[in-house]
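First comes the structure, then the notes that go with it.
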Amino acid sequence: MRHTLTLILLLTTCAVANAAQPTGKDILRRALDISAAIKDYTADVRVTVDMPDIKMPERSARVYFKRPDKVAIDSKGIVMIPKKALVPGNLGAEVTKDSKVTLAGKKMEGGVPVYFLKVRQTGQKSSEDRLLFWVRGDRFTVERMEAHSANGMEMGVKWEYQLAGGKHWMPSRLVATMKGAAMRQRRPHFDPDEKSTPLASNKPGTITVVFSNLKVNTGLKDSLFVEKAKEQRQ
């Protein structure tokens, strides 16, 4: 009887330990489940650019998003917003069947667990590039993301959230940090209000986006994004 009780206690302890320590893929799956409920959204944004070689006034714009990766922006001027930053929970676009997700750490912040995930591609696409994610464990939102190459961090994003429609966690503010080299790849060809010098430095800069007037799951049509793309080309 004593041995039976000991065995039961051991099995129970193992079960509790496993439940308390999810794998990297478990956490990723939960984050995907949360974000998958957001089919589309519309939001007004204010964008502030603080780059060593770029002086640009604050911009206002309207952002449209639809799964899996359609993004359109309405603005009177050119607006710099990293596309990945507009889809904070869409880890599925980053993690494919050829990637490995590792739970690299966990810490408590304000009584809430925060999980640290490392994502690297494997197989033929294997490289030194990696993505790092910090996922808040009580609501499974991505609080922070970093993209690294062999040369170090190329881009980092931090999010703050608001509850839209009483049930959807959506960004209220994000700050994207980029190296000068990354900005060279994303810089607009011209902007009449921009005062700039050649991007000689590799110093980091930031793009801050503040969201308001969020509308979620309104049934945005694909034709909207086609029309917006035509307008941008013109």
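Here's how to read the names in the structure tokens: chain A, B, ... by the order shown, residue numbers from 1 in each chain, ligand numbers from 1 in the order shown.
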Inset, instruction - Excluding Val142 (chain A) and any residue of its chain fewer than 6 positions from it, enumerate the residues within 12 Å of it, using only C-alpha atoms, and give them as number ranges by chain. - result: A: 27-28, 30-32, 34-35, 85-91, 114-117, 132-136, 157-161, 169-171, 174
Writer output for current selection, N, CA and C atoms, as a compact mmCIF listing (two decimals), in the first residue's frame:
```
# COMPACT_ATOMS: atom_id res chain seq x y z
N ILE A 27 3.79 27.05 -26.08
CA ILE A 27 3.59 28.48 -25.89
C ILE A 27 3.27 29.14 -27.22
N LEU A 28 3.99 28.73 -28.26
CA LEU A 28 3.73 29.27 -29.59
C LEU A 28 2.31 28.97 -30.04
N ARG A 30 -0.31 28.45 -28.18
CA ARG A 30 -1.26 29.28 -27.43
C ARG A 30 -1.30 30.69 -28.00
N ALA A 31 -0.13 31.24 -28.33
CA ALA A 31 -0.09 32.58 -28.89
C ALA A 31 -0.81 32.63 -30.23
N LEU A 32 -0.64 31.57 -31.03
CA LEU A 32 -1.32 31.51 -32.32
C LEU A 32 -2.82 31.39 -32.14
N ILE A 34 -4.59 32.63 -29.73
CA ILE A 34 -5.10 33.94 -29.34
C ILE A 34 -5.21 34.86 -30.55
N SER A 35 -4.15 34.91 -31.34
CA SER A 35 -4.12 35.86 -32.47
C SER A 35 -4.99 35.41 -33.62
N ALA A 85 5.82 44.53 -37.38
CA ALA A 85 5.38 45.15 -36.14
C ALA A 85 3.87 45.30 -36.07
N LEU A 86 3.20 45.31 -37.21
CA LEU A 86 1.74 45.48 -37.24
C LEU A 86 1.01 44.18 -36.96
N VAL A 87 1.74 43.06 -36.91
CA VAL A 87 1.11 41.75 -36.70
C VAL A 87 1.82 41.07 -35.53
N PRO A 88 1.63 41.56 -34.29
CA PRO A 88 2.42 41.08 -33.16
C PRO A 88 2.26 39.62 -32.81
N GLY A 89 1.06 39.05 -33.05
CA GLY A 89 0.83 37.66 -32.66
C GLY A 89 1.02 36.66 -33.77
N ASN A 90 1.38 37.13 -34.96
CA ASN A 90 1.42 36.22 -36.11
C ASN A 90 2.75 35.49 -36.20
N LEU A 91 3.06 34.69 -35.18
CA LEU A 91 4.30 33.94 -35.19
C LEU A 91 4.31 32.87 -36.26
N VAL A 114 6.69 35.27 -17.84
CA VAL A 114 7.08 35.71 -19.18
C VAL A 114 8.03 34.66 -19.75
N TYR A 115 7.68 34.10 -20.90
CA TYR A 115 8.46 33.04 -21.53
C TYR A 115 9.37 33.62 -22.61
N PHE A 116 10.58 33.11 -22.67
CA PHE A 116 11.58 33.54 -23.65
C PHE A 116 11.78 32.41 -24.67
N LEU A 117 11.45 32.69 -25.94
CA LEU A 117 11.54 31.68 -26.99
C LEU A 117 12.62 32.04 -28.00
N LEU A 132 13.91 36.02 -31.57
CA LEU A 132 13.69 35.87 -30.14
C LEU A 132 12.34 36.50 -29.79
N PHE A 133 11.56 35.78 -28.97
CA PHE A 133 10.24 36.27 -28.58
C PHE A 133 10.09 36.18 -27.07
N TRP A 134 9.45 37.20 -26.50
CA TRP A 134 9.06 37.19 -25.09
C TRP A 134 7.53 37.18 -25.06
N VAL A 135 6.94 36.14 -24.50
CA VAL A 135 5.49 35.94 -24.50
C VAL A 135 4.95 36.02 -23.08
N ARG A 136 3.99 36.89 -22.87
CA ARG A 136 3.37 37.02 -21.54
C ARG A 136 2.45 35.84 -21.29
N VAL A 157 11.29 44.91 -31.48
CA VAL A 157 9.98 45.54 -31.34
C VAL A 157 9.44 45.27 -29.94
N LYS A 158 8.90 46.30 -29.30
CA LYS A 158 8.22 46.14 -28.02
C LYS A 158 6.78 46.62 -28.18
N TRP A 159 5.83 45.86 -27.59
CA TRP A 159 4.42 46.19 -27.70
C TRP A 159 3.80 46.50 -26.35
N GLU A 160 2.82 47.42 -26.35
CA GLU A 160 1.88 47.61 -25.25
C GLU A 160 0.50 47.32 -25.83
N TYR A 161 -0.44 46.88 -24.97
CA TYR A 161 -1.72 46.37 -25.49
C TYR A 161 -2.92 47.07 -24.89
N TRP A 169 -6.90 41.25 -27.44
CA TRP A 169 -5.75 42.05 -27.07
C TRP A 169 -5.08 42.57 -28.34
N MET A 170 -5.08 43.89 -28.48
CA MET A 170 -4.54 44.56 -29.66
C MET A 170 -3.51 45.59 -29.21
N PRO A 171 -2.54 45.92 -30.08
CA PRO A 171 -1.52 46.88 -29.67
C PRO A 171 -2.10 48.28 -29.44
N LEU A 174 3.62 50.64 -29.98
CA LEU A 174 4.79 49.81 -30.24
C LEU A 174 5.97 50.70 -30.55
```
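DSSP secondary structure from the backbone places A:Gly180, A:Ala181, A:Ala182, A:Met183, A:Arg184, A:Gln185 of region 136-185 of chain A in helix (DSSP H, G or I).
Interatomic distance, CA of Ala176 (chain A) to CA of Val226 (chain A): 26.9 Å.
Using only C-alpha atoms, the nearest neighbour of Ser99 (chain A) within the list A:Val47, A:Leu220, A:Ile54, A:Val119 is A:Val119.
With distances restricted to only C-alpha atoms, A:Met178 is the closest residue to Asp50 (chain A) from A:Met155, A:Met178, A:Leu224, A:Val63.
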Inset, instruction - Could you give me, as an MDAnalysis selection string, the residues within 8 Å of Ala147 (chain A), counting only C-alpha atoms and dropping anything in the same chain fewer than 4 positions from it? - result: chainID A and resid 129:132 153:156
Inset, instruction - Would you please work out which residue, of A:Lys179, A:Val112, A:Lys83, A:Arg233, is nearest to Phe140 (chain A) when using only C-alpha atoms? - result: A:Val112
Taking only C-alpha atoms into account, produce a table as JSON lines in which each residue of region 60-144 of chain A with an atom at most 12 Å from an atom of region 212-218 of chain A appears once, together with its shortest atom pair and the distance in Å to one decimal, ordered by chain and rising number.
```
{"residue": "A:Ser60", "atom": "CA", "partner": "A:Ser212", "partner_atom": "CA", "distance": 10.9}
{"residue": "A:Ala61", "atom": "CA", "partner": "A:Ser212", "partner_atom": "CA", "distance": 10.6}
{"residue": "A:Arg62", "atom": "CA", "partner": "A:Ser212", "partner_atom": "CA", "distance": 9.6}
{"residue": "A:Val63", "atom": "CA", "partner": "A:Leu214", "partner_atom": "CA", "distance": 9.6}
{"residue": "A:Tyr64", "atom": "CA", "partner": "A:Lys215", "partner_atom": "CA", "distance": 9.7}
{"residue": "A:Phe65", "atom": "CA", "partner": "A:Val216", "partner_atom": "CA", "distance": 9.6}
{"residue": "A:Lys66", "atom": "CA", "partner": "A:Asn217", "partner_atom": "CA", "distance": 8.9}
{"residue": "A:Arg67", "atom": "CA", "partner": "A:Asn217", "partner_atom": "CA", "distance": 10.5}
```
